[in-house]
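> Before anything else, here's the structure in question.
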Amino acid sequence: MSTDTDTTPQGAVTGLEKRIEQLRDGVGVFKGDRLGQIGIALILVFVFVGVFARPITIEFLNVTIPGLAPHDPNARAVGGRLEPPSLAHPLGTTQLGRDVFSQLIAGTRVTLLVGSLAAFMAVFIGTNVGLISAYYGGWVDDVLMRITDIVYAVPFLPFAIVLVAIVGSSIVNIIGAIVLILWRSTARVIRSQVLSHKQRPYVESAEAIGASDIRIMYKHILPNVLPLAFLYAAFAVGYAVIAEASLSFLGFGDPNMLSWGEMIFTVYTADAIRQAWWWVFPPGIAITLFVMSVFFIGRTLEKVINPELRHQE
Amino acid sequence: MSLLDITDLKTYYRAEGGWVRATDGVSLSIDRGETVGLVGESGSGKTTLAKSIIRLFPDNAEIHGGSIDYDGTEITELTDKELRRRIRWQEISMIPQNAMNGFDPVYTVGQQIVQVIRHHEDDTSKAAARERARDLFDELGIEPDRIDDYPHQFSGGMAQRAMIALALALGPSLVLADEPTTALDVVIQDRILETIKEKQAEINSAMIMITHDMSVVSETCDRIAVVYGGRVIEIADAETIITNPRHPYTLGLRNAFPDISDDDQELISIPGTPPDLVDPDEGCRFAPRCPFAEEECWDVTPEPQEYEPGHLVECHRADEIDHLQAAAGKKSTWQDQEIGTRDAAPDGGVVDDGAVDDGAVDDGVVDALPDAAADPANGGDDDE
Amino acid sequence: MGLREFVVRRLVQLVFTFWAFFTLLFVLFRLVPGDPTSMFLLDGMTPEQREQRIAELGLDQPLHIQYVSYIEQLLTGDFGQSFIYREPVIDIIVVRFMNTIVLMGTALFFAYLIGVTFGALMGWWRGSRFERGGIIVTLIARSSPEFWVGIVLLSVFVFWLGWFPSSGMRATGGELGGGFLQRYGSIDFLRHLFLPALTGAIVYLATPTLLMRSTMLDVLKADFVEIKKAEGLPEMTVLYKHAARNSVLPLVTVMAIATGAAMGGSVVIETVFNWPGMGREMVRAVNTNDYPIAMAAFFLMGSVVILMNFVADLAYVYLDPRVEYE
């Protein structure tokens, strides 16, 4: 996949104008892509819900913005036990009498948190590894790529399970486990991009004027591979959310954080899988919708980066 | 009775905002064993024209009108299945531009020849088909054992020969050769062309030679059709086209090709770009780039006139050609015109006898030779 | 270089990767924060029992000696004894391993079969409703966590329709021993296999489908595709025998990574369907601190992934006659 964002003869990306032009181009692609638009719309809804899920108090203004969740998701016995949906509880209640609807809304926060943090960190690490590995080459490249190979050999869930079992299942550890594996694909892809950029004239000229390695890597090459990194970040959000959900479902999630996967785990342990459909289905659908919208956006981003893909439909 | 009779063929592509008229009313007939060249720039529609015969075009293209009569059968009315079974490769085959790419890279060349033989001839055994493949290779100057090689293992020239073997495997009556030598270097080009001619004669198959290279057609073709803007703007026997063409475009094409015997020749290219074929207007398609265009040329589409038997031209000024020919040989005629506007370009040659000064030749000489009073350079204020 | 050299080179790399992986495991399981021995000791042991245990497991030895005996044990297939089952780990794991391979192997097989077939069709009929719909369906499948697909299938086909059994690998009371065919060939087994395998197939078909489609779109532009059409060959022949055959190559490498995902996915799918495989065993082992089983399971899973990567490398070279051995 080519990420040719340079259009000046030198091949360098410079100037604010260039960026604005690229942005315009990107927006144009989104305008033409139905799925991408749906993705963005959905994500915005999720973000909104996540931000305003619970009341936010701004102290110095003495104002409390009410939360979207009608009840405190953790409060027991706000309703009867295992009640099917009703007006008071649109998604029914859990076996402890908690409001499922409120839990669903609150769970959005965990999803957003895990998704964005894990994706950002994984791509951050991956991009740096790829950049450094490709730029320096030689033994640095060998070592870093060997490490990447080994990380590729590690199956994610088993690894995360073991890690969490050893160091505990806090949300931090879970994100850490995800990041430790997720960075690998970004590293490989960025590396191959940088390898191709290394040959280009703009790098040569930067070297000729005596720019330091760090400067060349981060001020010159990095902006060119950044779009690709963004693309991988988008997909990483999806993978991270699925990973956290799976971990929570298996019982290794953070018990203090009520994520959607955690909700389904609770249904299982309450042995209510067969009858409490109102409790089982919403979180699962929410996960799928969230990841789906992220993937839709990712697909459209791919088209922005690789113009060839735009004509394929 | 000709082998192939194309009448008023129109092949259009569906595009945003209308139809792209890649082939817009072409009539052409080909006799058995004859070689007809289709010459034109890229985008002229020559390839679409040829491929339309076997209906080989992308999904957004369709035959909008006209007929294609092959040996008594109306091809445009055949179903896809019949077309595949009876016509394609069996009667009409194709030699693509880049032979290496014409073969599927994951099968051996022999496998692919055998495949096409056995697909069309139900009762040929695999062994018999292989034998034929070997024989074909032998006749074309390739080691018969090489039928078990993969396409990428062949050199450019050899791959082209293999492709010819594939194209002739079923003894077709018509072969469409799409720029068969463009991808090869000049030395090999010659040999390949010879080989093609030889084999073609042996099985008495007709050929349509598509190319933009005048030198190729001059060697190989009996007749030449010049294609521009989706129409055949001139067609005649090869000799005539080369030495005595009547359409300005053909004149221009001739200029663009180097002739080794002419030391003084200036290479003159035709400025401007091929026309946009989306819903074109009335008028001659070449008018925007034609140095001899007049009012009529812009408003009325020229119909083919049979200037001599077998020589058809689509040009309003075809009968003035003797005057135009000389002017067409000068660079200024082409370069000085304003492309796309209706102003009659320096007409060069219609009023004078073609001796209009373009400045370049006589610069500096005028001053040096005071008794050049009779020098046509002084007639410079005659131009309009 | 020739084929032989290439294979040898790859084998050497394989050995190295295995070694690195084993060492990683060692580090992971021994060098943990806090008291490493706590993992091996059950609560409620007296100090003497603890000491005895530690000596038994060789945990009092210096690290490098532990490492050496660790490698030895691995190579001889001695994974110790399960804390819970009180049986050699190897016996327990091997059976579970087979069950997982059968399940995930079937899932992956169908995922790729569907992926290749439909991806090729989608590329062939580009721009059609079929293609559009296919992309959306595929993306939705990719967006659902494995456990979710499993739960949905369970709800529909077991709880609601009652067509399939809800858990396990065979009906209770069924034959546990017997030959391979008896274990894996019976109708009862197939009924149990269907839903979990379908779950895996749905989750894993997204990548091959989309990849196949996009590779097809490139391949279909090639000259030889046009020539094959010009030769009068039937559409399906051109589609599958030529275009698809050329598009399949990238999928081979992707399949190796898919195996990795599948090993991980088995953990979830087997839990949902209560399938007696390595994944379920691993979860159970971690929850009950049965360290030997957990480690062995993890080791096996990783080994499968490494091995599949190796196989994919070789297969790719074999399938594409143009590739130079480097």
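Each chain in the structure tokens gets a letter, A, B and so on, in the order shown; residues start at 1 in every chain, and ligands are counted from 1 in the order they appear.
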Each residue of region 105-161 of chain B lying at most 12 Å from region 216-227 of chain C should get a row with its shortest atom-to-atom pair and the distance in Å to one decimal, counting only C-alpha atoms; could you produce that, ordered by chain and increasing number, as a tab-separated table?


residue	atom	partner	partner_atom	distance
B:Pro105	CA	C:Phe224	CA	8.6
B:Val106	CA	C:Phe224	CA	11.1
B:Tyr107	CA	C:Phe224	CA	11.5
B:Val109	CA	C:Phe224	CA	12.0
B:Gln112	CA	C:Phe224	CA	10.9
B:Ile113	CA	C:Ile227	CA	12.0
B:Val116	CA	C:Ile227	CA	10.8
B:Pro151	CA	C:Phe224	CA	11.1

> Please produce a file of the residues just selected, as a CSV table (one decimal), in the first residue's frame, where the atoms kept are C-alpha atoms.


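Result went into selection-v4.csv, see below:
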chain,number,residue,atom,x,y,z
B,105,PRO,CA,2.2,-16.9,-15.1
B,106,VAL,CA,1.3,-19.9,-13.0
B,107,TYR,CA,0.9,-22.4,-15.8
B,109,VAL,CA,3.1,-22.2,-21.9
B,112,GLN,CA,-2.1,-23.1,-22.0
B,113,ILE,CA,-1.8,-24.1,-25.6
B,116,VAL,CA,-7.2,-23.9,-25.7
B,151,PRO,CA,6.1,-17.7,-19.3

> Can you list, as an NGL selection string, all residues belonging to region 32-262 of chain C that DSSP tags as alpha helix (DSSP H)?

:C and (47-57 or 63-76 or 89-124 or 129-143 or 146-153 or 180-185 or 187-204 or 206-219 or 223-230 or 235-236 or 245-247 or 249-262)

> Compile a residue-level contact table for chain C against chain B at a cut-off of 12 Å, reporting for every qualifying residue the shortest atom pair and its distance in Å to one decimal, with only C-alpha atoms counted, rows ordered by chain and ascending number, as JSON lines.


{"residue": "C:Trp124", "atom": "CA", "partner": "B:Asp59", "partner_atom": "CA", "distance": 10.9}
{"residue": "C:Trp125", "atom": "CA", "partner": "B:Asp59", "partner_atom": "CA", "distance": 9.9}
{"residue": "C:Arg126", "atom": "CA", "partner": "B:Asp59", "partner_atom": "CA", "distance": 10.0}
{"residue": "C:Gly127", "atom": "CA", "partner": "B:Asp59", "partner_atom": "CA", "distance": 10.5}
{"residue": "C:Ser128", "atom": "CA", "partner": "B:Asp59", "partner_atom": "CA", "distance": 11.5}
{"residue": "C:Val219", "atom": "CA", "partner": "B:Asp104", "partner_atom": "CA", "distance": 10.4}
{"residue": "C:Leu220", "atom": "CA", "partner": "B:Pro58", "partner_atom": "CA", "distance": 10.9}
{"residue": "C:Lys221", "atom": "CA", "partner": "B:Pro58", "partner_atom": "CA", "distance": 10.3}
{"residue": "C:Ala222", "atom": "CA", "partner": "B:Asn101", "partner_atom": "CA", "distance": 7.1}
{"residue": "C:Asp223", "atom": "CA", "partner": "B:Gly102", "partner_atom": "CA", "distance": 5.3}
{"residue": "C:Phe224", "atom": "CA", "partner": "B:Gly102", "partner_atom": "CA", "distance": 4.1}
{"residue": "C:Val225", "atom": "CA", "partner": "B:Asp104", "partner_atom": "CA", "distance": 7.7}
{"residue": "C:Glu226", "atom": "CA", "partner": "B:Leu56", "partner_atom": "CA", "distance": 7.6}
{"residue": "C:Ile227", "atom": "CA", "partner": "B:Gly102", "partner_atom": "CA", "distance": 6.2}
{"residue": "C:Lys228", "atom": "CA", "partner": "B:Gly102", "partner_atom": "CA", "distance": 8.5}
{"residue": "C:Lys229", "atom": "CA", "partner": "B:Leu56", "partner_atom": "CA", "distance": 7.6}
{"residue": "C:Ala230", "atom": "CA", "partner": "B:Arg88", "partner_atom": "CA", "distance": 5.8}
{"residue": "C:Glu231", "atom": "CA", "partner": "B:Trp89", "partner_atom": "CA", "distance": 4.9}
{"residue": "C:Gly232", "atom": "CA", "partner": "B:Arg84", "partner_atom": "CA", "distance": 4.0}
{"residue": "C:Leu233", "atom": "CA", "partner": "B:Arg84", "partner_atom": "CA", "distance": 6.7}
{"residue": "C:Pro234", "atom": "CA", "partner": "B:Arg84", "partner_atom": "CA", "distance": 7.4}
{"residue": "C:Glu235", "atom": "CA", "partner": "B:Lys81", "partner_atom": "CA", "distance": 9.6}
{"residue": "C:Thr237", "atom": "CA", "partner": "B:His119", "partner_atom": "CA", "distance": 10.8}
{"residue": "C:Val238", "atom": "CA", "partner": "B:Asp104", "partner_atom": "CA", "distance": 10.4}
{"residue": "C:Lys241", "atom": "CA", "partner": "B:Asp104", "partner_atom": "CA", "distance": 9.9}
{"residue": "C:His242", "atom": "CA", "partner": "B:Asp104", "partner_atom": "CA", "distance": 6.9}
{"residue": "C:Ala243", "atom": "CA", "partner": "B:Asp104", "partner_atom": "CA", "distance": 8.6}
{"residue": "C:Ala244", "atom": "CA", "partner": "B:Val106", "partner_atom": "CA", "distance": 11.1}
{"residue": "C:Arg245", "atom": "CA", "partner": "B:Val106", "partner_atom": "CA", "distance": 8.0}
{"residue": "C:Asn246", "atom": "CA", "partner": "B:Val106", "partner_atom": "CA", "distance": 7.0}
{"residue": "C:Ser247", "atom": "CA", "partner": "B:Val106", "partner_atom": "CA", "distance": 10.6}
{"residue": "C:Val248", "atom": "CA", "partner": "B:Val106", "partner_atom": "CA", "distance": 11.2}
{"residue": "C:Leu249", "atom": "CA", "partner": "B:Val106", "partner_atom": "CA", "distance": 10.6}
{"residue": "C:Tyr318", "atom": "CA", "partner": "B:Val106", "partner_atom": "CA", "distance": 10.9}
{"residue": "C:Leu319", "atom": "CA", "partner": "B:Val106", "partner_atom": "CA", "distance": 8.1}
{"residue": "C:Asp320", "atom": "CA", "partner": "B:Val106", "partner_atom": "CA", "distance": 6.6}
{"residue": "C:Pro321", "atom": "CA", "partner": "B:Val106", "partner_atom": "CA", "distance": 6.5}
{"residue": "C:Arg322", "atom": "CA", "partner": "B:His152", "partner_atom": "CA", "distance": 7.0}
{"residue": "C:Val323", "atom": "CA", "partner": "B:His152", "partner_atom": "CA", "distance": 10.5}
{"residue": "C:Glu324", "atom": "CA", "partner": "B:His152", "partner_atom": "CA", "distance": 11.8}

> Taking only C-alpha atoms into account, find every residue of chain A that has an atom no more than 7 Å from chain C, and write it out as a list of chain:residue names.

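Close to chain C, chain A has A:Ile150, A:Ala153, A:Val154, A:Pro155, A:Phe156, A:Leu157, A:Pro158, A:Val162, A:Ala165, A:Ile242, A:Ser246, A:Arg274, A:Gly284, A:Thr288, A:Val291, A:Met292, A:Glu313.
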
> Can you tell me how far CA of Leu35 (chain A) sits from CA of Phe295 (chain A), in Å to one decimal?

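A separation of 9.5 Å between them.
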
> Looking at only C-alpha atoms, which of C:Glu87, C:Glu48, C:Glu281, C:Glu270 is the one that sits closest to Pro196 (chain C)?

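Of C:Glu87, C:Glu48, C:Glu281, C:Glu270, the one nearest Pro196 (chain C), counting only C-alpha atoms, is C:Glu270.
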
> I want to know what sits within 10 Å of Gln103 (chain A), based on only C-alpha atoms, with residues of the same chain fewer than 2 positions away left out; could you give that as a PyMOL selection string?

chain A and resi 53+69-74+91+93-94+98-101+105-108+258-260+263+279+283

> Store the residues picked out above in a file with N, CA and C atoms, as a PDB file, in the first residue's frame.


ATOM      1  N   ALA A  53     -22.059   9.974  29.929  1.00  0.00           N
ATOM      2  CA  ALA A  53     -22.720   8.816  30.516  1.00  0.00           C
ATOM      3  C   ALA A  53     -23.160   9.075  31.958  1.00  0.00           C
ATOM      4  N   ALA A  69     -27.181   8.123  31.822  1.00  0.00           N
ATOM      5  CA  ALA A  69     -27.696   6.900  32.413  1.00  0.00           C
ATOM      6  C   ALA A  69     -28.780   7.230  33.425  1.00  0.00           C
ATOM      7  N   PRO A  70     -29.949   6.636  33.278  1.00  0.00           N
ATOM      8  CA  PRO A  70     -31.051   6.965  34.194  1.00  0.00           C
ATOM      9  C   PRO A  70     -30.799   6.539  35.639  1.00  0.00           C
ATOM     10  N   HIS A  71     -30.043   5.461  35.797  1.00  0.00           N
ATOM     11  CA  HIS A  71     -29.755   5.018  37.162  1.00  0.00           C
ATOM     12  C   HIS A  71     -28.258   4.857  37.345  1.00  0.00           C
ATOM     13  N   ASP A  72     -27.856   4.723  38.579  1.00  0.00           N
ATOM     14  CA  ASP A  72     -26.465   4.398  38.839  1.00  0.00           C
ATOM     15  C   ASP A  72     -26.261   2.946  38.430  1.00  0.00           C
ATOM     16  N   PRO A  73     -25.372   2.704  37.491  1.00  0.00           N
ATOM     17  CA  PRO A  73     -25.240   1.341  36.968  1.00  0.00           C
ATOM     18  C   PRO A  73     -24.854   0.320  38.027  1.00  0.00           C
ATOM     19  N   ASN A  74     -24.215   0.788  39.079  1.00  0.00           N
ATOM     20  CA  ASN A  74     -23.781  -0.165  40.094  1.00  0.00           C
ATOM     21  C   ASN A  74     -24.795  -0.354  41.214  1.00  0.00           C
ATOM     22  N   LEU A  91     -34.086  -1.801  29.210  1.00  0.00           N
ATOM     23  CA  LEU A  91     -33.390  -3.030  28.884  1.00  0.00           C
ATOM     24  C   LEU A  91     -33.452  -4.027  30.046  1.00  0.00           C
ATOM     25  N   THR A  93     -33.489  -5.664  33.934  1.00  0.00           N
ATOM     26  CA  THR A  93     -32.556  -5.611  35.056  1.00  0.00           C
ATOM     27  C   THR A  93     -31.732  -6.881  35.140  1.00  0.00           C
ATOM     28  N   THR A  94     -30.623  -6.758  35.888  1.00  0.00           N
ATOM     29  CA  THR A  94     -29.769  -7.920  36.084  1.00  0.00           C
ATOM     30  C   THR A  94     -30.291  -8.755  37.241  1.00  0.00           C
ATOM     31  N   ARG A  98     -29.887  -4.559  39.000  1.00  0.00           N
ATOM     32  CA  ARG A  98     -29.304  -3.351  38.417  1.00  0.00           C
ATOM     33  C   ARG A  98     -29.923  -3.061  37.069  1.00  0.00           C
ATOM     34  N   ASP A  99     -29.904  -1.782  36.693  1.00  0.00           N
ATOM     35  CA  ASP A  99     -30.503  -1.385  35.430  1.00  0.00           C
ATOM     36  C   ASP A  99     -29.525  -1.655  34.281  1.00  0.00           C
ATOM     37  N   VAL A 100     -29.940  -2.497  33.369  1.00  0.00           N
ATOM     38  CA  VAL A 100     -29.067  -2.877  32.259  1.00  0.00           C
ATOM     39  C   VAL A 100     -28.781  -1.693  31.344  1.00  0.00           C
ATOM     40  N   PHE A 101     -29.809  -0.899  31.101  1.00  0.00           N
ATOM     41  CA  PHE A 101     -29.646   0.244  30.205  1.00  0.00           C
ATOM     42  C   PHE A 101     -28.546   1.177  30.708  1.00  0.00           C
ATOM     43  N   ILE A 105     -24.860   2.159  28.962  1.00  0.00           N
ATOM     44  CA  ILE A 105     -24.362   3.512  28.712  1.00  0.00           C
ATOM     45  C   ILE A 105     -23.016   3.736  29.395  1.00  0.00           C
ATOM     46  N   ALA A 106     -22.937   3.318  30.635  1.00  0.00           N
ATOM     47  CA  ALA A 106     -21.692   3.525  31.376  1.00  0.00           C
ATOM     48  C   ALA A 106     -20.542   2.739  30.752  1.00  0.00           C
ATOM     49  N   GLY A 107     -20.886   1.598  30.230  1.00  0.00           N
ATOM     50  CA  GLY A 107     -19.849   0.758  29.638  1.00  0.00           C
ATOM     51  C   GLY A 107     -19.169   1.412  28.449  1.00  0.00           C
ATOM     52  N   THR A 108     -19.867   2.377  27.855  1.00  0.00           N
ATOM     53  CA  THR A 108     -19.284   3.060  26.702  1.00  0.00           C
ATOM     54  C   THR A 108     -17.949   3.702  27.069  1.00  0.00           C
ATOM     55  N   LEU A 258     -16.985  -1.649  34.591  1.00  0.00           N
ATOM     56  CA  LEU A 258     -18.057  -2.423  34.013  1.00  0.00           C
ATOM     57  C   LEU A 258     -18.058  -2.273  32.491  1.00  0.00           C
ATOM     58  N   SER A 259     -17.241  -3.074  31.822  1.00  0.00           N
ATOM     59  CA  SER A 259     -17.218  -2.995  30.364  1.00  0.00           C
ATOM     60  C   SER A 259     -18.323  -3.885  29.801  1.00  0.00           C
ATOM     61  N   TRP A 260     -18.577  -3.743  28.518  1.00  0.00           N
ATOM     62  CA  TRP A 260     -19.629  -4.530  27.891  1.00  0.00           C
ATOM     63  C   TRP A 260     -19.319  -6.027  27.955  1.00  0.00           C
ATOM     64  N   MET A 263     -20.175  -7.318  31.262  1.00  0.00           N
ATOM     65  CA  MET A 263     -21.608  -7.524  31.451  1.00  0.00           C
ATOM     66  C   MET A 263     -21.999  -8.930  31.004  1.00  0.00           C
ATOM     67  N   TRP A 279     -30.408  -8.801  28.595  1.00  0.00           N
ATOM     68  CA  TRP A 279     -29.158  -8.513  29.273  1.00  0.00           C
ATOM     69  C   TRP A 279     -27.971  -8.947  28.411  1.00  0.00           C
ATOM     70  N   PRO A 283     -25.206  -5.548  25.136  1.00  0.00           N
ATOM     71  CA  PRO A 283     -23.759  -5.308  25.141  1.00  0.00           C
ATOM     72  C   PRO A 283     -23.049  -5.898  23.936  1.00  0.00           C
TER      73      PRO A 283
END

> Tell me, as an MDAnalysis selection string, which residues lie within 7 Å of Met104 (chain C), counting only C-alpha atoms; anything in the same chain fewer than 2 positions away does not count.

chainID C and resid 100:102 106:108 197 200 262 266

> Using only C-alpha atoms, which protein or nucleic acid residues come within 8 Å of Val203 (chain A)? Drop anything in the same chain fewer than 4 positions from it, and give the result as a JSON list (two decimals) with C-alpha atoms, in the first residue's frame.


[["chain", "number", "residue", "atom", "x", "y", "z"],
["A", 197, "HIS", "CA", 11.14, 6.66, 1.71],
["A", 198, "LYS", "CA", 14.74, 6.30, 2.70],
["A", 199, "GLN", "CA", 15.67, 6.14, -0.96],
["A", 207, "GLU", "CA", 21.42, 14.21, 4.96],
["A", 216, "ILE", "CA", 15.53, 13.35, 9.52],
["A", 220, "HIS", "CA", 11.07, 14.62, 7.53],
["A", 221, "ILE", "CA", 10.17, 10.98, 7.20]]

> So which residues touch region 222-238 of chain A within 7 Å, counting only C-alpha atoms, skipping near sequence neighbours fewer than 4 positions away, as an mmCIF file with C-alpha atoms, in the first residue's frame?


data_model
loop_
_atom_site.group_PDB
_atom_site.id
_atom_site.type_symbol
_atom_site.label_atom_id
_atom_site.label_comp_id
_atom_site.auth_asym_id
_atom_site.auth_seq_id
_atom_site.Cartn_x
_atom_site.Cartn_y
_atom_site.Cartn_z
ATOM 1 C CA THR A 3 1.209 6.304 1.131
ATOM 2 C CA THR A 5 1.558 12.036 0.309
ATOM 3 C CA VAL A 13 5.918 17.303 2.669
ATOM 4 C CA GLY A 115 -9.887 1.478 22.540
ATOM 5 C CA SER A 116 -8.228 4.829 22.237
ATOM 6 C CA ALA A 119 -4.557 1.858 19.992
ATOM 7 C CA PHE A 120 -2.621 5.039 20.508
ATOM 8 C CA VAL A 123 0.703 2.491 17.167
ATOM 9 C CA THR A 127 5.674 3.442 14.456
ATOM 10 C CA THR A 186 2.235 -1.324 12.716
ATOM 11 C CA ILE A 190 5.796 1.399 8.912
ATOM 12 C CA GLN A 193 7.139 2.390 4.200
ATOM 13 C CA MET A 217 13.489 10.581 11.016
ATOM 14 C CA TYR A 218 11.017 12.688 12.904
ATOM 15 C CA ILE A 242 -12.537 -6.913 20.875
ATOM 16 C CA VAL A 291 -15.996 -1.998 16.182
ATOM 17 C CA VAL A 294 -14.316 1.964 13.494
ATOM 18 C CA PHE A 295 -13.620 -0.520 10.706
ATOM 19 C CA GLY A 298 -10.647 2.611 8.664
ATOM 20 C CA LEU A 301 -9.163 6.082 5.473
ATOM 21 C CA GLU A 302 -7.504 3.411 3.414
ATOM 22 C CA ILE A 305 -4.291 7.037 1.567
#
